[in-house]
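J.: Before I ask anything, let me first share the structure, which is written out below as structure tokens.
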Amino acid sequence: MPVKRPLVRGTIILGSVNLYNRCLGVFSQAMAVRLLGTQGYGLYQLSMPIFTLCLVLATAGIPPALTRLVADESSRRNLPAVYRAVRWSFWALALLGVVFAVLIAFSWPLIARFQLADHRIRGCLLVLGCSLPVIAAASSLRAYFQGVQRMGVPALAQMLEQTTRVAGGLYMAYYLLPLGIGWAAAGYASGVVMGEAVGLLLMLAVYCLQRGRQAASRPGDNTVSRSTGPVTDRIAHFAAPATLNRLLSAVVLNIEAVLIPRFLLQGGCSPEQATALYGQFMGVALTLITIPGISTLAVSANLLPAVANARARGDTAYIEKAASQGIKIVLALSLPITVVLCRFPQEITHLVFGLSDDMSYLRVLALGGVGLYLIQITNGILYGLNRPRRVLVNTTFYSLVRIALICVFMSRGSGLLPLAWAYLFSYLLGMLLNIAPLYSCIGSGRPPRLSSSLAAAGFMLLAIESVGLYFGQSGYPAVPLLLLMIGAGLTVYGITLLLRDYHLLRRPS
């Protein structure tokens, strides 16, 4: 039975939107770093771990569980069960968002005492807390559209959300900058509230319009299948491990937000320098590393419902092909960025963010990024295979290893290079832990053939070095020469990949 909405089609839709959002996001972060400096942007980054923890608790793992439930019931054409689940999730998530927004507002003294390294982030954190009800409610609608594989709606909502967030956040940061760096960081954070509100209104309007049309076309279909079971039980069965997984990641972020500045202080940095270096690592280095998320998140978001549908049909062959194809697509699209960041760490950060600090540690972090991309993809596949507990166990293990490595490496060295090594080893470990059970689940021990992407990356690096060697002595300006080298490398990479693996983007049959 053919899949109605192929993996590649949904990936192209979300990938295009993610490309727009990521380019706009990098522009926003670059402008924020130039406007606020690394210290001001560090205040925004220091508020994110607490905000992320509250967001995880507010959403309670319900969105991925709802996506899977909607995918299952849609395949059975049980629309009443779908709408009942969406309605329950929407109001439950909105209520949880309000609860945690109030908790942030009233528990600020306790948070400041035990968690935060810089008290100037109070305004930023309070503003972000106001967005929790909106984000939580919007996540239920986004999960619904992903479950029915209508990727265009959340894609358009994300575009409007990101545009509003960037424009509003930068304007408020500029407007409040004369009042101080803390106020400016809070103004930048207010863009999150504006953007999420716009995205929620769009998805809510489309959802209500779609439901009204379907109710009019099927007026007599108001019964719920007895086989579906209670909505809360079905969502909780899947949401519990997913919640623990996301909660673990949020807790790890908070632990790192405490450990990293303290180790930097022990290494001789002042509190202002520690905040700036933390902002540089989290807001600049990790931003560049996560650029391939343009493809990773798009493929993962499509793999979860596609694999869940195929599993419901017992179509193991499709699952195997989709998993292999997803991994190949992500590596093919992410390896060029990895090569560029490894070859030009200093030049890229100066060109994009205007920073002249030492960024040599970005080479180490870029290599670890390959492991991160595969973790994200395989997580989506394992969720679709109904293996959320496996994801939880793997995430727990490699996250604890990363914390231990941060303590060991940063206590023996100064700067951000030891931190980059800790991230590298943890990402590679997480990749191995996810890939090992994946192929046993789908009944095939054969890994996808990745020789084409690796060979193309090698030829890309060779082309970059050749162009640099040929034109480097001709007195070319630095920026045009950099763009020429990257452009030549990308061209050679694309040609090599197409010649060696022209069938990469063919959909699974």
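Every chain in the structure tokens has a letter given in the order shown (A, B, ...), and although residue numbers restart at 1 in each chain, ligands are simply numbered from 1 in the order shown.
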So that I can check the surroundings of A:Leu176, please list as a list of chain:residue names every protein, DNA and RNA residue that reaches within 8 Å of it, counting only C-alpha atoms and ignoring chain neighbours fewer than 6 positions away.
T.: A:Trp183, A:Ala184, A:Gly187
J.: Could you write those residues out with N, CA and C atoms, as a short mmCIF file (atom, residue, chain, number, x, y, z; two decimals), in the first residue's frame?
T.:
```cif
data_model
loop_
_atom_site.label_atom_id
_atom_site.label_comp_id
_atom_site.auth_asym_id
_atom_site.auth_seq_id
_atom_site.Cartn_x
_atom_site.Cartn_y
_atom_site.Cartn_z
N TRP A 183 17.69 44.96 30.49
CA TRP A 183 16.44 45.33 29.83
C TRP A 183 16.48 44.98 28.35
N ALA A 184 17.61 45.20 27.70
CA ALA A 184 17.72 44.90 26.27
C ALA A 184 17.57 43.40 26.02
N GLY A 187 14.01 42.59 26.23
CA GLY A 187 13.33 43.01 25.01
C GLY A 187 13.53 42.03 23.87
#
```
J.: Enter the distance from atom CA of A:Tyr383 to atom CA of A:Leu304, in Å, rounded to one decimal.
T.: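 According to the coordinates, atom CA of A:Tyr383 and atom CA of A:Leu304 are separated by 6.3 Å.
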J.: State, in Å with one decimal place, the distance from atom CA of A:Leu264 to atom CA of A:Gly25.
T.: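 Computing the Euclidean distance for atom CA of A:Leu264 and atom CA of A:Gly25 yields 27.6 Å.
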J.: Counting only C-alpha atoms, what is within 12 Å of A:Ala71, bar same-chain residues fewer than 2 positions away, as a ChimeraX atom specification?
T.: /A:64-69,73-79,81-82,85,143-150,302-313,384
J.: Between A:Val299, A:Ile121, A:Leu351, A:Val339, which is the closest to A:Leu462 once you count only C-alpha atoms?
T.: A:Val339
J.: Closest to A:Ile255 among A:Ser399, A:Thr378, A:Ser140, A:Ser190, using only C-alpha atoms?
T.: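 The closest residue to A:Ile255 is A:Ser399.
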J.: Which value, in Å to one decimal, gives the distance between atom CA of A:Val391 and atom CA of A:Met431?
T.: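 Separating atom CA of A:Val391 from atom CA of A:Met431 is a distance of 11.0 Å.
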J.: When you count only C-alpha atoms, which of these residues is closest to A:Pro345: A:Ser414, A:Ser360, A:Thr491, A:Thr38?
T.: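 Result for the nearest residue to A:Pro345: A:Ser360.
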J.: Using only C-alpha atoms, which of A:Ala155, A:Ile381, A:Val251, A:Ala185 sits nearest A:Ser300?
T.: A:Ile381
J.: I'd like to know which of A:Gly326, A:Gly182, A:Gly468, A:Gly283 is closest to A:Met485, using only C-alpha atoms.
T.: A:Gly468
J.: Within 6 Å of A:Glu161, counting only C-alpha atoms, which residues show up once you throw out same-chain ones fewer than 5 positions away? Write them as a compact mmCIF listing (two decimals) with all heavy atoms, in the first residue's frame, please.
T.:
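Result went into around-v1.txt, see below:
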```txt
# COMPACT_ATOMS: atom_id res chain seq x y z
N GLY A 195 6.08 36.06 18.41
CA GLY A 195 6.10 35.07 17.34
C GLY A 195 5.21 33.89 17.62
O GLY A 195 4.46 33.43 16.74
N GLU A 196 5.26 33.37 18.84
CA GLU A 196 4.45 32.20 19.17
C GLU A 196 2.96 32.53 19.10
O GLU A 196 2.15 31.68 18.71
CB GLU A 196 4.82 31.70 20.57
CG GLU A 196 6.21 31.09 20.68
CD GLU A 196 6.35 29.79 19.92
OE1 GLU A 196 5.31 29.17 19.60
OE2 GLU A 196 7.49 29.38 19.65
N VAL A 198 1.48 34.66 17.07
CA VAL A 198 1.09 34.69 15.66
C VAL A 198 0.95 33.27 15.11
O VAL A 198 -0.02 32.94 14.41
CB VAL A 198 2.11 35.50 14.84
CG1 VAL A 198 1.85 35.35 13.34
CG2 VAL A 198 2.07 36.96 15.23
N GLY A 199 1.91 32.40 15.41
CA GLY A 199 1.84 31.02 14.94
C GLY A 199 0.63 30.28 15.48
O GLY A 199 -0.03 29.51 14.76
```
J.: Which of these residues is nearest to A:Pro336, using only C-alpha atoms: A:Ser411, A:Ser453, A:Thr164, A:Ser139?
T.: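 So, comparing all the options, the nearest one is A:Ser453.
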J.: Near stretch 87-95 of chain A, counting only C-alpha atoms, which residues have an atom at most 9 Å away, once you skip same-chain residues fewer than 6 positions from it, shown as a list of chain:residue names?
T.: A:Ala58, A:Thr59, A:Ala60, A:Ile62, A:Pro63, A:Leu66, A:Leu132, A:Pro133, A:Val134, A:Ile135, A:Ala136, A:Ala137, A:Ala138, A:Ser139, A:Ser140, A:Leu141, A:Val231, A:Thr232
J.: Output C-alpha atoms of each residue in that selection to a file, as a CSV table (one decimal), in the first residue's frame.
T.:
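Saved result, out_13.csv, follows:
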```
chain,number,residue,atom,x,y,z
A,58,ALA,CA,4.4,22.3,30.7
A,59,THR,CA,4.2,20.2,27.6
A,60,ALA,CA,4.6,17.0,29.5
A,62,ILE,CA,2.2,15.3,25.0
A,63,PRO,CA,3.0,16.6,21.5
A,66,LEU,CA,-0.4,13.2,20.2
A,132,LEU,CA,4.7,29.3,28.0
A,133,PRO,CA,0.9,29.0,27.7
A,134,VAL,CA,1.1,30.1,24.1
A,135,ILE,CA,3.9,27.7,23.1
A,136,ALA,CA,2.2,24.8,25.0
A,137,ALA,CA,-1.2,25.2,23.3
A,138,ALA,CA,0.4,25.7,19.9
A,139,SER,CA,2.4,22.5,20.2
A,140,SER,CA,-0.8,20.4,20.3
A,141,LEU,CA,-2.0,21.9,17.0
A,231,VAL,CA,-7.4,9.5,25.4
A,232,THR,CA,-5.5,10.2,28.5
```
